[in-house]
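> Structure: entry-v1.cif, mmCIF, N, CA and C atoms.
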data_my_file
loop_
_atom_site.label_atom_id
_atom_site.label_comp_id
_atom_site.auth_asym_id
_atom_site.auth_seq_id
_atom_site.Cartn_x
_atom_site.Cartn_y
_atom_site.Cartn_z
N MET A 240 -2.73 67.70 158.27
CA MET A 240 -1.61 66.93 158.77
C MET A 240 -1.20 65.83 157.80
N LYS A 241 -1.90 65.73 156.70
CA LYS A 241 -1.51 64.78 155.67
C LYS A 241 -0.50 65.45 154.76
N VAL A 242 0.35 64.64 154.17
CA VAL A 242 1.34 65.11 153.22
C VAL A 242 1.03 64.46 151.88
N THR A 243 1.25 65.21 150.81
CA THR A 243 1.01 64.68 149.49
C THR A 243 2.27 64.02 148.95
N GLN A 244 2.16 62.75 148.67
CA GLN A 244 3.25 61.98 148.06
C GLN A 244 3.00 61.92 146.56
N VAL A 245 4.04 62.04 145.79
CA VAL A 245 3.97 61.93 144.34
C VAL A 245 4.51 60.56 143.95
N SER A 246 3.68 59.77 143.26
CA SER A 246 4.11 58.46 142.78
C SER A 246 4.25 58.53 141.26
N VAL A 247 5.37 58.05 140.77
CA VAL A 247 5.67 58.08 139.34
C VAL A 247 5.89 56.64 138.88
N PHE A 248 5.20 56.25 137.82
CA PHE A 248 5.37 54.92 137.26
C PHE A 248 6.43 54.98 136.18
N LEU A 249 7.46 54.16 136.36
CA LEU A 249 8.62 54.17 135.46
C LEU A 249 8.78 52.84 134.77
N GLU A 250 9.13 52.90 133.49
CA GLU A 250 9.55 51.69 132.81
C GLU A 250 10.89 51.27 133.43
N ASN A 251 11.06 50.00 133.65
CA ASN A 251 12.26 49.50 134.32
C ASN A 251 13.40 49.35 133.31
N THR A 252 13.91 50.50 132.84
CA THR A 252 15.03 50.52 131.91
C THR A 252 16.00 51.61 132.34
N ALA A 253 17.22 51.48 131.88
CA ALA A 253 18.28 52.41 132.25
C ALA A 253 17.91 53.85 131.84
N GLY A 254 18.14 54.79 132.75
CA GLY A 254 17.99 56.20 132.46
C GLY A 254 16.69 56.84 132.88
N HIS A 255 15.64 56.05 133.13
CA HIS A 255 14.36 56.67 133.47
C HIS A 255 14.39 57.36 134.84
N LEU A 256 15.03 56.77 135.81
CA LEU A 256 15.13 57.41 137.12
C LEU A 256 15.90 58.71 137.01
N ARG A 257 17.01 58.70 136.29
CA ARG A 257 17.80 59.92 136.10
C ARG A 257 16.99 60.99 135.37
N GLU A 258 16.18 60.57 134.41
CA GLU A 258 15.36 61.53 133.67
C GLU A 258 14.35 62.22 134.60
N VAL A 259 13.68 61.45 135.42
CA VAL A 259 12.70 62.03 136.36
C VAL A 259 13.38 62.99 137.32
N THR A 260 14.48 62.58 137.91
CA THR A 260 15.16 63.48 138.86
C THR A 260 15.71 64.71 138.14
N GLY A 261 16.09 64.56 136.89
CA GLY A 261 16.55 65.71 136.11
C GLY A 261 15.44 66.71 135.84
N ILE A 262 14.25 66.22 135.52
CA ILE A 262 13.10 67.09 135.29
C ILE A 262 12.80 67.88 136.57
N LEU A 263 12.83 67.21 137.70
CA LEU A 263 12.57 67.90 138.97
C LEU A 263 13.66 68.93 139.26
N ALA A 264 14.91 68.56 139.04
CA ALA A 264 16.02 69.49 139.29
C ALA A 264 15.91 70.74 138.41
N GLU A 265 15.58 70.54 137.15
CA GLU A 265 15.44 71.68 136.22
C GLU A 265 14.31 72.60 136.65
N SER A 266 13.33 72.07 137.34
CA SER A 266 12.19 72.86 137.81
C SER A 266 12.41 73.37 139.23
N ASP A 267 13.62 73.19 139.76
CA ASP A 267 13.97 73.65 141.10
C ASP A 267 13.08 73.03 142.18
N ILE A 268 12.75 71.75 141.98
CA ILE A 268 11.95 71.00 142.95
C ILE A 268 12.89 70.10 143.73
N ASN A 269 12.85 70.22 145.05
CA ASN A 269 13.77 69.49 145.91
C ASN A 269 13.12 68.22 146.43
N ILE A 270 13.80 67.11 146.28
CA ILE A 270 13.32 65.83 146.79
C ILE A 270 13.69 65.73 148.26
N ARG A 271 12.70 65.53 149.12
CA ARG A 271 12.93 65.39 150.56
C ARG A 271 13.11 63.94 150.96
N ALA A 272 12.38 63.04 150.30
CA ALA A 272 12.48 61.61 150.58
C ALA A 272 12.01 60.86 149.34
N LEU A 273 12.50 59.64 149.20
CA LEU A 273 12.05 58.83 148.08
C LEU A 273 12.16 57.36 148.40
N SER A 274 11.37 56.60 147.67
CA SER A 274 11.38 55.15 147.75
C SER A 274 11.17 54.64 146.34
N LEU A 275 11.91 53.62 145.97
CA LEU A 275 11.77 53.03 144.64
C LEU A 275 11.54 51.54 144.81
N ALA A 276 10.43 51.06 144.25
CA ALA A 276 10.12 49.63 144.25
C ALA A 276 9.97 49.21 142.80
N ASP A 277 10.44 48.02 142.49
CA ASP A 277 10.37 47.63 141.08
C ASP A 277 9.89 46.20 140.90
N THR A 278 9.44 45.94 139.68
CA THR A 278 9.14 44.60 139.21
C THR A 278 9.98 44.41 137.95
N ALA A 279 9.76 43.34 137.24
CA ALA A 279 10.55 43.09 136.04
C ALA A 279 10.33 44.17 134.97
N GLN A 280 9.09 44.68 134.85
CA GLN A 280 8.79 45.62 133.77
C GLN A 280 8.70 47.09 134.18
N PHE A 281 8.35 47.37 135.42
CA PHE A 281 8.16 48.77 135.80
C PHE A 281 8.54 48.99 137.26
N GLY A 282 8.68 50.25 137.59
CA GLY A 282 8.97 50.64 138.96
C GLY A 282 8.00 51.71 139.41
N ILE A 283 7.87 51.84 140.72
CA ILE A 283 7.07 52.92 141.30
C ILE A 283 8.02 53.76 142.15
N LEU A 284 8.19 54.98 141.74
CA LEU A 284 9.02 55.93 142.46
C LEU A 284 8.08 56.78 143.32
N ARG A 285 8.25 56.69 144.62
CA ARG A 285 7.44 57.48 145.54
C ARG A 285 8.30 58.62 146.07
N LEU A 286 7.79 59.83 145.97
CA LEU A 286 8.56 61.02 146.31
C LEU A 286 7.81 61.92 147.27
N ILE A 287 8.54 62.47 148.21
CA ILE A 287 8.09 63.60 149.00
C ILE A 287 8.96 64.76 148.53
N VAL A 288 8.32 65.79 148.00
CA VAL A 288 9.05 66.93 147.44
C VAL A 288 8.57 68.22 148.08
N ASN A 289 9.34 69.29 147.87
CA ASN A 289 8.97 70.56 148.48
C ASN A 289 7.79 71.24 147.78
N ARG A 290 7.54 70.92 146.49
CA ARG A 290 6.42 71.52 145.76
C ARG A 290 5.73 70.44 144.93
N HIS A 291 4.81 69.73 145.56
CA HIS A 291 4.21 68.55 144.92
C HIS A 291 3.34 68.90 143.71
N GLU A 292 2.61 70.00 143.75
CA GLU A 292 1.75 70.35 142.61
C GLU A 292 2.58 70.62 141.37
N GLU A 293 3.65 71.36 141.53
CA GLU A 293 4.55 71.66 140.42
C GLU A 293 5.22 70.38 139.92
N ALA A 294 5.62 69.51 140.84
CA ALA A 294 6.25 68.24 140.45
C ALA A 294 5.30 67.42 139.58
N CYS A 295 4.06 67.32 139.98
CA CYS A 295 3.08 66.56 139.19
C CYS A 295 2.91 67.17 137.81
N ARG A 296 2.82 68.48 137.76
CA ARG A 296 2.62 69.15 136.47
C ARG A 296 3.77 68.90 135.51
N VAL A 297 5.02 69.11 135.98
CA VAL A 297 6.15 68.97 135.06
C VAL A 297 6.36 67.51 134.65
N LEU A 298 6.06 66.57 135.53
CA LEU A 298 6.21 65.16 135.17
C LEU A 298 5.12 64.72 134.21
N LYS A 299 3.90 65.19 134.41
CA LYS A 299 2.82 64.88 133.46
C LYS A 299 3.12 65.50 132.10
N ASP A 300 3.65 66.73 132.11
CA ASP A 300 4.03 67.38 130.85
C ASP A 300 5.09 66.56 130.10
N ALA A 301 5.90 65.81 130.85
CA ALA A 301 6.93 64.97 130.25
C ALA A 301 6.40 63.56 129.95
N HIS A 302 5.07 63.39 130.05
CA HIS A 302 4.38 62.15 129.69
C HIS A 302 4.61 60.99 130.66
N TYR A 303 4.86 61.32 131.92
CA TYR A 303 4.93 60.28 132.94
C TYR A 303 3.55 60.11 133.56
N THR A 304 3.27 58.89 133.98
CA THR A 304 2.04 58.62 134.72
C THR A 304 2.34 58.94 136.18
N VAL A 305 1.56 59.86 136.73
CA VAL A 305 1.81 60.39 138.07
C VAL A 305 0.51 60.29 138.88
N ARG A 306 0.67 59.96 140.15
CA ARG A 306 -0.48 59.91 141.05
C ARG A 306 -0.10 60.58 142.37
N GLU A 307 -1.06 61.30 142.95
CA GLU A 307 -0.86 61.90 144.27
C GLU A 307 -1.57 61.03 145.30
N THR A 308 -0.91 60.82 146.44
CA THR A 308 -1.44 59.99 147.51
C THR A 308 -1.21 60.70 148.83
N ASP A 309 -2.20 60.64 149.71
CA ASP A 309 -2.02 61.17 151.06
C ASP A 309 -1.23 60.17 151.90
N VAL A 310 -0.22 60.67 152.58
CA VAL A 310 0.57 59.88 153.51
C VAL A 310 0.74 60.68 154.79
N LEU A 311 1.23 60.02 155.82
CA LEU A 311 1.59 60.71 157.07
C LEU A 311 3.09 60.79 157.17
N VAL A 312 3.59 61.91 157.65
CA VAL A 312 5.01 62.05 157.96
C VAL A 312 5.08 62.33 159.45
N VAL A 313 5.57 61.34 160.18
CA VAL A 313 5.61 61.38 161.64
C VAL A 313 7.04 61.68 162.07
N GLU A 314 7.18 62.67 162.92
CA GLU A 314 8.49 63.03 163.44
C GLU A 314 8.74 62.22 164.72
N THR A 315 9.93 61.64 164.80
CA THR A 315 10.30 60.89 166.00
C THR A 315 11.79 61.08 166.24
N GLU A 316 12.22 60.80 167.43
CA GLU A 316 13.64 60.92 167.75
C GLU A 316 14.44 59.95 166.88
N ASP A 317 15.58 60.43 166.39
CA ASP A 317 16.46 59.59 165.58
C ASP A 317 17.38 58.81 166.51
N LYS A 318 16.80 57.75 167.09
CA LYS A 318 17.54 56.90 168.01
C LYS A 318 16.92 55.51 167.97
N PRO A 319 17.62 54.51 168.47
CA PRO A 319 17.05 53.16 168.48
C PRO A 319 15.70 53.15 169.21
N GLY A 320 14.71 52.55 168.59
CA GLY A 320 13.39 52.46 169.18
C GLY A 320 12.41 53.53 168.73
N GLY A 321 12.88 54.53 167.99
CA GLY A 321 11.98 55.60 167.53
C GLY A 321 10.85 55.06 166.67
N LEU A 322 11.17 54.21 165.74
CA LEU A 322 10.16 53.59 164.88
C LEU A 322 9.24 52.68 165.69
N GLN A 323 9.81 51.97 166.64
CA GLN A 323 9.05 51.02 167.45
C GLN A 323 7.86 51.69 168.15
N GLY A 324 8.06 52.89 168.66
CA GLY A 324 6.99 53.60 169.35
C GLY A 324 5.82 53.92 168.43
N VAL A 325 6.11 54.37 167.22
CA VAL A 325 5.05 54.69 166.26
C VAL A 325 4.30 53.42 165.86
N LEU A 326 5.04 52.36 165.60
CA LEU A 326 4.41 51.10 165.22
C LEU A 326 3.53 50.54 166.34
N LYS A 327 3.92 50.78 167.57
CA LYS A 327 3.11 50.33 168.71
C LYS A 327 1.77 51.06 168.73
N VAL A 328 1.77 52.36 168.42
CA VAL A 328 0.53 53.12 168.35
C VAL A 328 -0.38 52.51 167.27
N PHE A 329 0.18 52.20 166.13
CA PHE A 329 -0.62 51.62 165.06
C PHE A 329 -1.20 50.26 165.47
N GLU A 330 -0.38 49.44 166.11
CA GLU A 330 -0.84 48.12 166.54
C GLU A 330 -1.97 48.26 167.56
N GLU A 331 -1.79 49.14 168.53
CA GLU A 331 -2.82 49.34 169.57
C GLU A 331 -4.13 49.87 168.98
N THR A 332 -4.03 50.57 167.88
CA THR A 332 -5.20 51.16 167.25
C THR A 332 -5.78 50.26 166.15
N GLY A 333 -5.13 49.14 165.89
CA GLY A 333 -5.60 48.21 164.87
C GLY A 333 -5.37 48.70 163.46
N LEU A 334 -4.31 49.48 163.26
CA LEU A 334 -4.01 50.04 161.94
C LEU A 334 -2.87 49.26 161.28
N ASN A 335 -3.05 48.97 160.02
CA ASN A 335 -2.05 48.24 159.25
C ASN A 335 -1.26 49.19 158.37
N VAL A 336 0.05 49.05 158.36
CA VAL A 336 0.92 49.86 157.52
C VAL A 336 1.00 49.20 156.15
N GLU A 337 0.62 49.95 155.11
CA GLU A 337 0.71 49.43 153.75
C GLU A 337 2.15 49.48 153.25
N TYR A 338 2.82 50.61 153.49
CA TYR A 338 4.24 50.74 153.22
C TYR A 338 4.77 51.95 153.98
N MET A 339 6.08 52.03 154.07
CA MET A 339 6.72 53.15 154.76
C MET A 339 8.13 53.34 154.27
N TYR A 340 8.67 54.51 154.51
CA TYR A 340 10.08 54.82 154.30
C TYR A 340 10.41 55.99 155.20
N ALA A 341 11.66 56.39 155.27
CA ALA A 341 12.05 57.39 156.26
C ALA A 341 13.14 58.31 155.72
N PHE A 342 13.32 59.43 156.42
CA PHE A 342 14.45 60.33 156.15
C PHE A 342 14.80 61.05 157.43
N VAL A 343 16.01 61.58 157.49
CA VAL A 343 16.46 62.34 158.65
C VAL A 343 16.38 63.82 158.29
N GLU A 344 15.74 64.60 159.14
CA GLU A 344 15.59 66.02 158.88
C GLU A 344 16.93 66.74 159.00
N LYS A 345 17.17 67.67 158.09
CA LYS A 345 18.41 68.43 158.10
C LYS A 345 18.48 69.40 159.27
N SER A 346 17.34 69.98 159.62
CA SER A 346 17.35 71.08 160.58
C SER A 346 17.23 70.62 162.02
N LYS A 347 17.01 69.33 162.24
CA LYS A 347 16.83 68.84 163.60
C LYS A 347 17.55 67.50 163.76
N ASP A 348 17.46 66.94 164.93
CA ASP A 348 18.04 65.63 165.19
C ASP A 348 16.98 64.54 165.16
N ASN A 349 15.94 64.76 164.38
CA ASN A 349 14.83 63.82 164.34
C ASN A 349 14.79 63.06 163.02
N ALA A 350 14.12 61.94 163.06
CA ALA A 350 13.81 61.20 161.84
C ALA A 350 12.37 61.52 161.47
N ALA A 351 12.09 61.44 160.19
CA ALA A 351 10.73 61.62 159.70
C ALA A 351 10.33 60.32 159.01
N LEU A 352 9.26 59.72 159.49
CA LEU A 352 8.80 58.44 158.99
C LEU A 352 7.58 58.66 158.12
N VAL A 353 7.62 58.16 156.90
CA VAL A 353 6.52 58.32 155.95
C VAL A 353 5.71 57.04 155.95
N PHE A 354 4.41 57.15 156.20
CA PHE A 354 3.53 55.98 156.28
C PHE A 354 2.34 56.14 155.34
N ARG A 355 2.02 55.05 154.68
CA ARG A 355 0.75 54.93 153.95
C ARG A 355 -0.07 53.90 154.71
N LEU A 356 -1.26 54.33 155.16
CA LEU A 356 -2.17 53.47 155.91
C LEU A 356 -3.56 53.57 155.29
N GLU A 357 -4.35 52.53 155.49
CA GLU A 357 -5.71 52.53 154.94
C GLU A 357 -6.59 53.56 155.65
N HIS A 358 -6.49 53.66 156.95
CA HIS A 358 -7.34 54.57 157.74
C HIS A 358 -6.48 55.73 158.27
N ILE A 359 -6.15 56.63 157.39
CA ILE A 359 -5.19 57.69 157.71
C ILE A 359 -5.72 58.64 158.78
N ASP A 360 -7.01 58.94 158.77
CA ASP A 360 -7.57 59.86 159.79
C ASP A 360 -7.51 59.25 161.19
N ARG A 361 -7.77 57.95 161.29
CA ARG A 361 -7.64 57.27 162.60
C ARG A 361 -6.19 57.31 163.07
N ALA A 362 -5.26 57.16 162.14
CA ALA A 362 -3.84 57.20 162.50
C ALA A 362 -3.45 58.58 163.02
N ILE A 363 -3.94 59.61 162.35
CA ILE A 363 -3.66 60.99 162.79
C ILE A 363 -4.16 61.18 164.22
N GLU A 364 -5.39 60.81 164.47
CA GLU A 364 -5.98 60.97 165.80
C GLU A 364 -5.17 60.22 166.86
N ALA A 365 -4.79 58.99 166.57
CA ALA A 365 -4.04 58.17 167.53
C ALA A 365 -2.67 58.76 167.81
N LEU A 366 -1.98 59.20 166.79
CA LEU A 366 -0.63 59.74 166.97
C LEU A 366 -0.65 61.08 167.71
N VAL A 367 -1.55 61.96 167.32
CA VAL A 367 -1.62 63.28 167.97
C VAL A 367 -2.00 63.13 169.44
N SER A 368 -2.92 62.20 169.74
CA SER A 368 -3.34 62.01 171.13
C SER A 368 -2.20 61.48 172.00
N ARG A 369 -1.19 60.90 171.38
CA ARG A 369 -0.04 60.38 172.12
C ARG A 369 1.18 61.30 172.02
N GLY A 370 0.97 62.51 171.51
CA GLY A 370 2.02 63.52 171.52
C GLY A 370 2.97 63.52 170.36
N TYR A 371 2.71 62.76 169.32
CA TYR A 371 3.60 62.76 168.16
C TYR A 371 3.35 64.00 167.31
N THR A 372 4.40 64.48 166.67
CA THR A 372 4.31 65.61 165.74
C THR A 372 4.20 65.06 164.33
N LEU A 373 3.20 65.56 163.61
CA LEU A 373 3.02 65.19 162.21
C LEU A 373 3.41 66.39 161.35
N LEU A 374 4.22 66.14 160.36
CA LEU A 374 4.65 67.21 159.47
C LEU A 374 3.60 67.43 158.39
N THR A 375 3.58 68.64 157.84
CA THR A 375 2.64 68.99 156.78
C THR A 375 3.42 69.31 155.51
N ASN A 376 2.70 69.51 154.41
CA ASN A 376 3.35 69.93 153.17
C ASN A 376 4.13 71.23 153.39
N ARG A 377 3.56 72.14 154.15
CA ARG A 377 4.22 73.42 154.43
C ARG A 377 5.52 73.22 155.22
N ASP A 378 5.49 72.31 156.21
CA ASP A 378 6.71 72.01 156.97
C ASP A 378 7.81 71.51 156.04
N LEU A 379 7.45 70.66 155.09
CA LEU A 379 8.44 70.08 154.19
C LEU A 379 9.01 71.11 153.23
N GLN A 380 8.24 72.14 152.91
CA GLN A 380 8.75 73.20 152.05
C GLN A 380 9.87 73.97 152.73
N LYS A 381 9.84 74.01 154.06
CA LYS A 381 10.83 74.77 154.84
C LYS A 381 12.13 74.01 155.09
N LEU A 382 12.10 72.70 154.95
CA LEU A 382 13.31 71.91 155.23
C LEU A 382 14.37 72.11 154.17
#
Mind turning the file's structure into structure tokens?

Amino acid sequence: MKVTQVSVFLENTAGHLREVTGILAESDINIRALSLADTAQFGILRLIVNRHEEACRVLKDAHYTVRETDVLVVETEDKPGGLQGVLKVFEETGLNVEYMYAFVEKSKDNAALVFRLEHIDRAIEALVSRGYTLLTNRDLQKL
């Protein structure tokens, strides 16, 4: 129920983001969700893609520093309060969110929330026990 996120470290200069997305496009790798955070010198591009192993390989071949991280992708209704319910589960379970981002699924009327948490297995157990659907790498390949 964990999803593999690809993190790419980018120099904070013009053209690097376009270069990374171009490499993925040339390799027929589809970006499902992304988040970009930056500092003065570098940025961290976090990606959920349809083929994470291939994405890591082609980016490493292009001399990018790449890291794979386990995250959760939680499906919730795309309506006001959808995020609130998931966050309440985390609060009740004593879980802290390190970071998150979201996307809306093309094939459904749901939002998909991407979470990085310190205790990911506890989060999985808490969410599943409360009826939440967690997406997998395979689910994301189908979107």
> With only C-alpha atoms as the basis for distance, which of A:Leu273, A:Phe248, A:Phe329, A:Arg257 is at the shortest distance from Arg361 (chain A)?
A:Phe329
> Give me the residues near Leu275 (chain A) as a PyMOL selection string, where near means some atom within 7 Å (using only C-alpha atoms) and where sequence neighbours in that chain fewer than 3 positions away do not count.
chain A and resi 282-285
> Apply DSSP to the structure's backbone, then extract all residues of chain A labelled strand (DSSP E) and return them as JSON, numbers by chain.
{"A": [242, 243, 244, 245, 246, 247, 248, 249, 250, 270, 271, 272, 273, 274, 275, 276, 277, 281, 282, 283, 284, 285, 286, 287, 288, 304, 305, 306, 307, 308, 309, 310, 311, 312, 313, 314, 315, 316, 336, 337, 338, 339, 340, 341, 342, 343, 349, 350, 351, 352, 353, 354, 355, 356, 372, 373, 374]}
> Just the residues within 8 Å of Val325 (chain A), please, counting only N, CA and C atoms, with nothing from its chain fewer than 5 positions along; format it as a list in words.
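My reading of the contact set: Thr315, Gly320, Glu330, Glu331 and Leu366 of chain A.
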> To one decimal place, how far is CA of Leu374 (chain A) from CA of Leu249 (chain A) in Å?
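So the answer is 27.6 Å.
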> Identify which of the residues A:Leu311, A:Ala341, A:Leu356, A:Ala365 lies closest to Lys241 (chain A), counting only C-alpha atoms when measuring atom-to-atom distances.
A:Leu311
> Is it possible to get the residues within 8 Å of (4.1, 58.4, 133.6) (coordinates as in the file, counting all atoms listed in the file) written as a PyMOL selection string?
chain A and resi 246-250+298-299+301-306
> Select, from A:Ile262, A:Arg369, A:Gln280, A:Lys318, the residue with the minimum atom-to-atom distance to Ala294 (chain A), counting all atoms listed in the file.
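Ranking A:Ile262, A:Arg369, A:Gln280, A:Lys318 by distance to Ala294 (chain A), first place goes to A:Ile262.
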> So what do you get for CA of Ala351 (chain A) versus CA of Gly261 (chain A), distance-wise?
24.6 Å
> List, as a list in words, every residue that the PyMOL selection byres ((chain A and resi 337) around 6) selects in the file provided.
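So the PyMOL selection byres ((chain A and resi 337) around 6), applied here, picks out Asn335, Val336, Tyr338, Met339, Arg355, Leu356 and Glu357 of chain A.
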> Report as a PDB file with N, CA and C atoms, in the frame of the given file all protein, DNA and RNA residues lying within 9 Å of Ala272 (chain A), evaluated on only C-alpha atoms, omitting residues in the same chain fewer than 4 positions from it.

ATOM      1  N   ARG A 285       8.250  56.690 144.620  1.00  0.00           N
ATOM      2  CA  ARG A 285       7.440  57.480 145.540  1.00  0.00           C
ATOM      3  C   ARG A 285       8.300  58.620 146.070  1.00  0.00           C
ATOM      4  N   LEU A 286       7.790  59.830 145.970  1.00  0.00           N
ATOM      5  CA  LEU A 286       8.560  61.020 146.310  1.00  0.00           C
ATOM      6  C   LEU A 286       7.810  61.920 147.270  1.00  0.00           C
ATOM      7  N   ILE A 287       8.540  62.470 148.210  1.00  0.00           N
ATOM      8  CA  ILE A 287       8.090  63.600 149.000  1.00  0.00           C
ATOM      9  C   ILE A 287       8.960  64.760 148.530  1.00  0.00           C
ATOM     10  N   VAL A 288       8.320  65.790 148.000  1.00  0.00           N
ATOM     11  CA  VAL A 288       9.050  66.930 147.440  1.00  0.00           C
ATOM     12  C   VAL A 288       8.570  68.220 148.080  1.00  0.00           C
ATOM     13  N   TYR A 340       8.670  54.510 154.510  1.00  0.00           N
ATOM     14  CA  TYR A 340      10.080  54.820 154.300  1.00  0.00           C
ATOM     15  C   TYR A 340      10.410  55.990 155.200  1.00  0.00           C
ATOM     16  N   ALA A 341      11.660  56.390 155.270  1.00  0.00           N
ATOM     17  CA  ALA A 341      12.050  57.390 156.260  1.00  0.00           C
ATOM     18  C   ALA A 341      13.140  58.310 155.720  1.00  0.00           C
ATOM     19  N   PHE A 342      13.320  59.430 156.420  1.00  0.00           N
ATOM     20  CA  PHE A 342      14.450  60.330 156.150  1.00  0.00           C
ATOM     21  C   PHE A 342      14.800  61.050 157.430  1.00  0.00           C
ATOM     22  N   VAL A 353       7.620  58.160 156.900  1.00  0.00           N
ATOM     23  CA  VAL A 353       6.520  58.320 155.950  1.00  0.00           C
ATOM     24  C   VAL A 353       5.710  57.040 155.950  1.00  0.00           C
TER      25      VAL A 353
END
